[in-house]
Amino acid sequence: MSATRESIYREVKLLRTEIKDIMSLLVPEVEPEDDELNAIGEGKKEFKAGKYTDWNTLK
């Protein structure tokens with residue numbers, strides 16, 4: 001099957017749309033604030049202590 005200019009153009013157009021969609025999802029990374037760092041630390045402690053809900057029980 002040989003590619004025609006039209007099929008290549010359609011594919012490039014689709015790829016451009018997909019790239020645009022992906023770029024809109026990207027969020028620039030910022031340094032976490034103190035309250036966020038504290039929440040992460042607390043979450044790690046709770047996870048180690050087994051204080052979490054397993055996904056299988058939620059289903």
# chains A, B, ... in the order shown; residues from 1 in each chain; ligands from 1

call {"tool": "select_by_dssp", "arguments": {"residues": "chain A", "states": "alpha helix (DSSP H)", "output": "PyMOL selection string"}}
result
chain A and resi 5-25+34-48+55-58

call {"tool": "write_last_selection", "arguments": {"atoms": "C-alpha atoms", "output": "PDB file, in the first residue's frame"}}
result
ATOM      1  CA  ARG A   5       0.193  12.950  -0.261  1.00  0.00           C
ATOM      2  CA  GLU A   6      -3.362  13.223   0.996  1.00  0.00           C
ATOM      3  CA  SER A   7      -3.019  10.321   3.438  1.00  0.00           C
ATOM      4  CA  ILE A   8       0.300  11.694   4.714  1.00  0.00           C
ATOM      5  CA  TYR A   9      -1.273  15.130   5.137  1.00  0.00           C
ATOM      6  CA  ARG A  10      -4.206  13.654   7.101  1.00  0.00           C
ATOM      7  CA  GLU A  11      -1.805  11.755   9.346  1.00  0.00           C
ATOM      8  CA  VAL A  12       0.348  14.830  10.004  1.00  0.00           C
ATOM      9  CA  LYS A  13      -2.762  16.860  10.754  1.00  0.00           C
ATOM     10  CA  LEU A  14      -3.942  14.209  13.232  1.00  0.00           C
ATOM     11  CA  LEU A  15      -0.520  14.104  14.891  1.00  0.00           C
ATOM     12  CA  ARG A  16      -0.507  17.880  15.256  1.00  0.00           C
ATOM     13  CA  THR A  17      -3.883  17.728  16.966  1.00  0.00           C
ATOM     14  CA  GLU A  18      -2.717  14.978  19.329  1.00  0.00           C
ATOM     15  CA  ILE A  19       0.479  16.877  20.167  1.00  0.00           C
ATOM     16  CA  LYS A  20      -1.549  20.019  20.869  1.00  0.00           C
ATOM     17  CA  ASP A  21      -3.835  18.025  23.204  1.00  0.00           C
ATOM     18  CA  ILE A  22      -0.869  16.518  25.050  1.00  0.00           C
ATOM     19  CA  MET A  23       0.840  19.904  25.418  1.00  0.00           C
ATOM     20  CA  SER A  24      -2.317  21.360  26.967  1.00  0.00           C
ATOM     21  CA  LEU A  25      -2.162  18.641  29.641  1.00  0.00           C
ATOM     22  CA  ASP A  34       5.582  23.587  53.259  1.00  0.00           C
ATOM     23  CA  ASP A  35       2.023  22.380  53.840  1.00  0.00           C
ATOM     24  CA  GLU A  36       2.291  20.096  50.795  1.00  0.00           C
ATOM     25  CA  LEU A  37       5.590  18.665  52.026  1.00  0.00           C
ATOM     26  CA  ASN A  38       4.015  18.048  55.436  1.00  0.00           C
ATOM     27  CA  ALA A  39       1.040  16.292  53.815  1.00  0.00           C
ATOM     28  CA  ILE A  40       3.378  14.068  51.805  1.00  0.00           C
ATOM     29  CA  GLY A  41       5.288  13.150  54.964  1.00  0.00           C
ATOM     30  CA  GLU A  42       2.069  12.357  56.823  1.00  0.00           C
ATOM     31  CA  GLY A  43       0.853  10.244  53.920  1.00  0.00           C
ATOM     32  CA  LYS A  44       4.072   8.231  53.915  1.00  0.00           C
ATOM     33  CA  LYS A  45       3.726   7.610  57.663  1.00  0.00           C
ATOM     34  CA  GLU A  46       0.090   6.495  57.290  1.00  0.00           C
ATOM     35  CA  PHE A  47       0.993   4.192  54.400  1.00  0.00           C
ATOM     36  CA  LYS A  48       3.776   2.547  56.414  1.00  0.00           C
ATOM     37  CA  TRP A  55      -8.156  -0.125  45.574  1.00  0.00           C
ATOM     38  CA  ASN A  56      -9.600  -3.640  45.396  1.00  0.00           C
ATOM     39  CA  THR A  57     -11.936  -2.887  48.303  1.00  0.00           C
ATOM     40  CA  LEU A  58     -13.208   0.224  46.532  1.00  0.00           C
TER      41      LEU A  58
END
